[in-house]
Structures are given as structure tokens and as C-alpha cells.
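Student: Contents of my_file_39.csv (CSV, C-alpha atoms):
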chain,number,residue,atom,x,y,z
A,12,ASN,CA,136.2,157.4,123.2
A,13,ALA,CA,135.0,156.1,126.5
A,14,GLY,CA,132.1,154.0,125.2
A,15,VAL,CA,130.4,152.1,128.1
A,16,THR,CA,132.0,152.7,131.5
A,17,GLN,CA,131.2,150.4,134.5
A,18,THR,CA,132.3,151.0,138.0
A,19,PRO,CA,133.5,149.4,140.1
A,20,LYS,CA,135.5,146.7,138.4
A,21,PHE,CA,135.7,144.5,141.6
A,22,GLN,CA,133.5,144.5,144.7
A,23,VAL,CA,133.1,142.2,147.7
A,24,LEU,CA,129.9,142.5,149.7
A,25,LYS,CA,128.6,140.9,152.8
A,26,THR,CA,125.3,139.1,152.7
A,27,GLY,CA,122.5,141.6,153.2
A,28,GLN,CA,124.4,144.7,152.2
A,29,SER,CA,123.2,146.9,149.4
A,30,MET,CA,125.1,148.5,146.6
A,31,THR,CA,124.8,150.1,143.2
A,32,LEU,CA,126.7,149.1,140.1
A,33,GLN,CA,127.2,152.2,137.9
A,34,CYS,CA,127.0,152.2,134.1
A,35,ALA,CA,127.4,155.2,131.8
A,36,GLN,CA,127.6,155.5,128.1
A,37,ASP,CA,128.6,158.5,126.0
A,38,MET,CA,127.2,157.4,122.6
A,39,ASN,CA,123.7,158.7,123.1
A,40,HIS,CA,122.3,155.2,122.8
A,41,GLU,CA,118.7,154.6,123.5
A,42,TYR,CA,119.0,151.0,124.7
A,43,MET,CA,120.9,149.8,127.7
A,44,SER,CA,120.9,146.4,129.5
A,45,TRP,CA,122.4,144.6,132.4
A,46,TYR,CA,123.6,141.0,132.1
A,47,ARG,CA,125.1,138.6,134.6
A,48,GLN,CA,127.7,136.0,133.6
A,49,ASP,CA,128.0,132.7,135.6
A,50,PRO,CA,130.2,129.8,134.8
A,51,GLY,CA,128.7,127.4,132.3
A,52,MET,CA,125.6,129.6,131.8
A,53,GLY,CA,126.7,132.4,129.4
A,54,LEU,CA,125.3,135.8,129.9
A,55,ARG,CA,121.7,136.3,131.1
A,56,LEU,CA,119.6,139.4,130.8
A,57,ILE,CA,118.7,141.0,134.2
A,58,HIS,CA,117.0,144.3,133.2
A,59,TYR,CA,116.9,146.5,130.2
A,60,SER,CA,115.8,150.0,129.1
A,61,VAL,CA,114.6,151.3,125.8
A,62,GLY,CA,114.9,155.0,126.8
A,63,ALA,CA,115.0,157.4,129.7
A,64,GLY,CA,112.2,156.6,132.1
A,65,ILE,CA,111.5,153.2,130.6
A,66,THR,CA,112.8,149.9,132.0
A,67,ASP,CA,111.7,146.3,131.9
A,68,GLN,CA,112.6,142.9,133.3
A,69,GLY,CA,114.8,140.4,131.6
A,70,GLU,CA,115.3,136.7,132.3
A,71,VAL,CA,116.7,136.9,135.9
A,72,PRO,CA,115.4,140.2,137.5
A,73,ASN,CA,114.8,139.0,141.1
A,74,GLY,CA,117.0,140.8,143.6
A,75,TYR,CA,117.8,143.7,141.3
A,76,ASN,CA,116.4,147.1,140.7
A,77,VAL,CA,117.1,149.6,137.9
A,78,SER,CA,116.1,153.1,136.9
A,79,ARG,CA,116.9,155.3,133.9
A,80,SER,CA,116.6,158.9,134.7
A,81,THR,CA,119.0,160.0,131.9
A,82,THR,CA,120.0,158.6,128.5
A,83,GLU,CA,123.6,158.2,129.7
A,84,ASP,CA,123.2,156.3,133.0
A,85,PHE,CA,121.7,153.0,133.9
A,86,PRO,CA,122.6,151.9,137.4
A,87,LEU,CA,121.9,148.5,138.8
A,88,ARG,CA,120.9,148.2,142.5
A,89,LEU,CA,121.3,145.2,144.7
A,90,LEU,CA,119.0,145.8,147.6
A,91,SER,CA,120.1,143.0,149.9
A,92,ALA,CA,123.0,141.0,148.5
A,93,ALA,CA,122.9,137.2,148.6
A,94,PRO,CA,125.7,134.7,147.8
A,95,SER,CA,123.7,133.7,144.7
A,96,GLN,CA,124.4,137.1,143.3
A,97,THR,CA,128.1,136.4,143.1
A,98,SER,CA,128.7,136.9,139.4
A,99,VAL,CA,130.3,139.0,136.8
A,100,TYR,CA,128.0,141.8,135.7
A,101,PHE,CA,128.0,143.5,132.3
A,102,CYS,CA,126.3,146.6,131.1
A,103,ALA,CA,125.7,147.1,127.4
A,104,SER,CA,124.2,149.8,125.2
A,105,SER,CA,123.1,150.0,121.6
A,106,GLY,CA,121.6,152.6,119.3
A,107,THR,CA,118.6,152.3,116.9
A,108,VAL,CA,117.5,149.0,115.3
A,109,ILE,CA,119.8,149.9,112.4
A,110,GLU,CA,122.8,150.1,114.7
A,111,PHE,CA,122.3,146.7,116.1
A,112,GLU,CA,125.7,146.2,117.6
A,113,ALA,CA,125.8,146.1,121.4
A,114,PHE,CA,128.7,147.8,123.1
A,115,PHE,CA,129.7,146.3,126.5
A,116,GLY,CA,131.4,147.7,129.5
A,117,GLN,CA,134.4,145.9,131.0
A,118,GLY,CA,132.3,144.1,133.6
A,119,THR,CA,132.1,144.1,137.4
A,120,ARG,CA,133.2,141.0,139.4
A,121,LEU,CA,131.0,140.9,142.5
A,122,THR,CA,131.5,138.5,145.3
A,123,VAL,CA,129.0,138.2,148.1
A,124,VAL,CA,130.3,136.5,151.2
B,21,ALA,CA,111.4,132.0,123.9
B,22,GLN,CA,114.5,131.8,121.9
B,23,THR,CA,117.4,129.6,122.9
B,24,VAL,CA,121.0,129.3,121.8
B,25,THR,CA,123.0,126.1,122.2
B,26,GLN,CA,126.8,125.8,122.0
B,27,SER,CA,127.5,122.1,122.4
B,28,GLN,CA,131.3,122.4,122.5
B,29,PRO,CA,132.5,123.5,126.0
B,30,GLU,CA,136.1,123.5,124.8
B,31,MET,CA,138.0,123.3,121.5
B,32,SER,CA,141.7,123.1,120.7
B,33,VAL,CA,143.6,124.2,117.6
B,34,GLN,CA,147.2,124.7,116.6
B,35,GLU,CA,148.5,127.9,115.3
B,36,ALA,CA,147.9,128.5,111.6
B,37,GLU,CA,145.2,125.8,111.5
B,38,THR,CA,141.5,126.2,111.0
B,39,VAL,CA,138.8,125.6,113.7
B,40,THR,CA,135.0,125.7,113.6
B,41,LEU,CA,132.9,126.5,116.6
B,42,SER,CA,129.3,125.3,116.5
B,43,CYS,CA,126.1,127.1,117.4
B,44,THR,CA,122.5,126.2,117.0
B,45,TYR,CA,119.4,128.3,118.0
B,46,ASP,CA,115.7,127.9,118.3
B,47,THR,CA,113.3,130.6,117.3
B,48,SER,CA,109.9,131.0,115.6
B,49,GLU,CA,110.8,134.4,114.2
B,50,SER,CA,111.9,135.0,110.6
B,51,ASP,CA,113.8,138.3,111.2
B,52,TYR,CA,116.7,138.3,113.6
B,53,TYR,CA,120.4,138.8,114.0
B,54,LEU,CA,123.1,136.4,115.1
B,55,PHE,CA,126.5,137.3,116.6
B,56,TRP,CA,129.7,135.8,117.7
B,57,TYR,CA,131.4,137.5,120.6
B,58,LYS,CA,135.0,136.9,121.9
B,59,GLN,CA,135.8,137.2,125.5
B,60,PRO,CA,139.6,137.1,126.3
B,61,PRO,CA,140.9,136.9,129.8
B,62,SER,CA,140.5,140.6,130.1
B,63,ARG,CA,136.8,139.9,130.3
B,64,GLN,CA,135.9,142.4,127.6
B,65,MET,CA,133.2,141.4,125.2
B,66,ILE,CA,134.4,141.9,121.7
B,67,LEU,CA,132.1,141.6,118.7
B,68,VAL,CA,133.7,139.2,116.1
B,69,ILE,CA,131.1,138.9,113.4
B,70,ARG,CA,127.4,139.4,112.8
B,71,GLN,CA,124.8,138.0,110.5
B,72,GLU,CA,121.4,139.3,109.5
B,73,ALA,CA,119.0,136.5,109.0
B,74,TYR,CA,117.5,138.0,105.8
B,75,LYS,CA,120.9,137.9,104.1
B,76,GLN,CA,121.7,134.6,102.4
B,77,GLN,CA,125.4,135.5,102.0
B,78,ASN,CA,127.6,134.3,104.9
B,79,ALA,CA,129.4,137.1,106.8
B,80,THR,CA,133.2,137.3,106.7
B,81,GLU,CA,135.6,139.5,108.7
B,82,ASN,CA,139.2,138.8,107.8
B,83,ARG,CA,140.1,135.4,109.2
B,84,PHE,CA,136.6,134.9,110.7
B,85,SER,CA,133.7,133.6,108.7
B,86,VAL,CA,130.3,132.0,109.4
B,87,ASN,CA,128.3,129.2,108.0
B,88,PHE,CA,124.7,130.4,108.4
B,89,GLN,CA,122.1,127.7,107.7
B,90,LYS,CA,118.7,129.4,108.4
B,91,ALA,CA,116.6,126.3,107.8
B,92,ALA,CA,118.7,124.2,110.0
B,93,LYS,CA,119.0,127.1,112.6
B,94,SER,CA,122.8,126.7,112.6
B,95,PHE,CA,125.4,129.4,112.9
B,96,SER,CA,129.0,128.2,113.1
B,97,LEU,CA,132.1,130.3,113.3
B,98,LYS,CA,135.2,129.4,111.3
B,99,ILE,CA,138.6,130.8,112.3
B,100,SER,CA,141.3,130.4,109.7
B,101,ASP,CA,145.0,130.7,110.2
B,102,SER,CA,144.5,130.6,114.0
B,103,GLN,CA,146.7,132.8,116.1
B,104,LEU,CA,147.7,132.7,119.8
B,105,GLY,CA,145.6,135.8,120.3
B,106,ASP,CA,142.5,134.0,119.3
B,107,ALA,CA,142.5,132.0,122.5
B,108,ALA,CA,139.4,133.1,124.4
B,109,MET,CA,135.8,132.2,125.2
B,110,TYR,CA,133.5,132.6,122.3
B,111,PHE,CA,129.8,133.2,122.7
B,112,CYS,CA,127.1,132.9,120.1
B,113,ALA,CA,124.2,135.3,120.6
B,114,TYR,CA,120.8,135.9,119.1
B,115,ARG,CA,118.8,139.1,118.9
B,116,SER,CA,115.3,139.3,117.4
B,117,TYR,CA,114.7,142.1,114.9
B,118,THR,CA,112.5,144.0,117.3
B,119,GLY,CA,114.3,142.8,120.5
B,120,PHE,CA,116.4,146.0,120.8
B,121,GLN,CA,118.8,145.3,123.6
B,122,LYS,CA,117.8,141.7,124.5
B,123,LEU,CA,120.6,139.4,123.5
B,124,VAL,CA,120.2,135.7,124.1
B,125,PHE,CA,123.6,134.0,124.6
B,126,GLY,CA,124.9,130.4,124.4
B,127,THR,CA,127.0,129.0,127.2
B,128,GLY,CA,130.2,129.6,125.4
B,129,THR,CA,133.1,127.6,123.9
B,130,ARG,CA,136.6,128.0,125.3
B,131,LEU,CA,139.2,128.0,122.4
B,132,LEU,CA,142.7,126.9,123.2
B,133,VAL,CA,145.4,127.7,120.7
B,134,SER,CA,148.8,125.9,120.9
B,135,PRO,CA,152.0,126.9,119.2
What do you get writing this file as C-alpha cells?

Tutor:
Amino acid sequence: NAGVTQTPKFQVLKTGQSMTLQCAQDMNHEYMSWYRQDPGMGLRLIHYSVGAGITDQGEVPNGYNVSRSTTEDFPLRLLSAAPSQTSVYFCASSGTVIEFEAFFGQGTRLTVV
Amino acid sequence: AQTVTQSQPEMSVQEAETVTLSCTYDTSESDYYLFWYKQPPSRQMILVIRQEAYKQQNATENRFSVNFQKAAKSFSLKISDSQLGDAAMYFCAYRSYTGFQKLVFGTGTRLLVSP
């Protein structure tokens, strides 16, 4: 069972570069989210999606774009990377309200220099 | 907006002993879910235990149990018979009943386990 797959696991970017963090799930989950984890701050919600074609902003959306063209995929785009975006990024998915457990990917450690 | 507070940045316990990690939260909602996640050095987020707010009975999963005090908005995690493999960061998290994929996390507690 693949669950939630994130790629890449590690990435170093230069300031101003763009990149896309990939997230795919094979559980046919409706809901997907992106979080960032910073030391001493826990995980904070960046963007989320409640289904294909539907996305919304979380707590810290600035500097990030998302789209959800399929149920399986939910990529996170950094348009112009900044050192403040150095963080560990997690993608998560969950099913209906009844299946309230969130399944997380293994995370991407991103460093912006 | 909901908030989750973990006031213990780090806790230590010896193998086979019991430790309790604290978590408090703030919400005006009556229906919600609470979770404890474990994050070992591998970085993987692992669900340890969950509690539905409408359930008065405290959740238990093997050596892990919670003390859920809804009126006090408190949700502590008790780990019994601690093992070296329990060493990790532990995050308390809140999700409203209609919040779908919007988890609110505390800042985490690092648990150290010594032989």
C-alpha cells in the first residue's frame, strides 16, 4: 500500500527559483492538505482541497499555489522561493468525515539559500 | 480560531516508567476530534490515538491512553511501560467536526527515553 507519496524527499533551491512539490494518494480520499513544519511551531496548514477542482487557503498560504485537477494529485508550487520558505513540508489526505484519520506523506525537507 | 497548546517542550522518562504529556486547546465548538501524533526521527507522522469529543470515555490504544477533560479543554497523553522506541516528538492536534482536512497542531513535546 503506497498511501500518500511525496516527492522529492530533499531539495535545495536558490532564492527566486520555482519548484513543485508533488503529492499523490491512492486511497481515493476526497480531502488533501499541505502543511509546513518549522522548529518550535508545530505543523501549520498552507492550503487544502475538499475535492477535485476545489482548493482553499489555510493559515500560511502566501508564496504558495495549489491546484487539484484529479482526486489523486495535489501539487504545491513555490513560484519564487524565499529563505523564509525553508521548512519541512507534509502532504496529508483523509476520506469522509467518518474516516477522520489523516494520512501523511513522509515529508519534503526544503532549503532555500 | 482554534488553538492548541503544548506547554512541555521536552519530557524525560526511564524505560518501563509512565509519562504524561500535556495538551490544552481552545475552541467554541462542541463537536470536534483530538489526536496525538508521534514523529520519530524518520519524520513520518504516525497517529497514536484519537478522541471524539462527544465520547465521554477516554480512548486507549495498548500502552497509550488519554485523559480527556472536555470542560477544562484538556487532552493529555499517558504512555505506560515506556520503551526506547517511544522516543520521538509528540504533537497534539485538533480538528473540528466539519473541518475536514484542517488540523490545528500544538508545538510538540520531545520525549526522551533512557534505559

Student: Residues at most 12 Å from Val86 (chain B), counting all atoms listed in the file, excluding those fewer than 5 positions away in the same chain, as a list in words?

Tutor: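 Surrounding residues, per the criterion: Val39, Thr40, Leu41, Ser42, Cys43, Leu54, Phe55, Trp56, Val68, Ile69, Arg70, Gln71, Glu72, Gln76, Gln77, Asn78, Ala79, Thr80, Glu81, Ser94, Phe95, Ser96, Leu97, Lys98, Ile99, Ser100 and Cys112 of chain B.
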
Student: So that each row is one residue of chain B with an atom at most 7 Å from chain A, can you give its shortest atom pair and the distance in Å to one decimal, using all atoms listed in the file, rows by chain and rising number, as JSON lines?

Tutor:
{"residue": "B:Arg63", "atom": "CA", "partner": "A:Gln117", "partner_atom": "CA", "distance": 6.5}
{"residue": "B:Gln64", "atom": "CA", "partner": "A:Gln117", "partner_atom": "CA", "distance": 5.1}
{"residue": "B:Met65", "atom": "CA", "partner": "A:Phe115", "partner_atom": "CA", "distance": 6.2}
{"residue": "B:Phe120", "atom": "CA", "partner": "A:Val108", "partner_atom": "CA", "distance": 6.4}
{"residue": "B:Gln121", "atom": "CA", "partner": "A:Tyr42", "partner_atom": "CA", "distance": 5.8}
{"residue": "B:Lys122", "atom": "CA", "partner": "A:Leu56", "partner_atom": "CA", "distance": 6.9}
{"residue": "B:Phe125", "atom": "CA", "partner": "A:Leu54", "partner_atom": "CA", "distance": 5.8}
{"residue": "B:Gly126", "atom": "CA", "partner": "A:Gly53", "partner_atom": "CA", "distance": 5.7}
{"residue": "B:Thr127", "atom": "CA", "partner": "A:Gly53", "partner_atom": "CA", "distance": 4.1}
{"residue": "B:Gly128", "atom": "CA", "partner": "A:Gly53", "partner_atom": "CA", "distance": 6.0}

Student: Work out how far CA of Leu67 (chain B) is from CA of Leu132 (chain B), in Å to one decimal.

Tutor: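 According to the coordinates, CA of Leu132 (chain B) and CA of Leu67 (chain B) are separated by 18.7 Å.
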
Student: Could you pull the residues within 6 Å of Cys34 (chain A), counting all atoms listed in the file, minus those fewer than 4 positions along the same chain, as a count of residues only?

Tutor: 5

Student: Rounded to one decimal in Å, what is the spacing between CA of Arg79 (chain A) and CA of Gln33 (chain A)?

Tutor: 11.5 Å

Student: Excluding Arg88 (chain A) and its own-chain neighbours fewer than 6 positions away, which residues fall within 8 Å of it when counting only C-alpha atoms? Please give them as a PyMOL selection string.

Tutor: chain A and resi 29-32+75-77
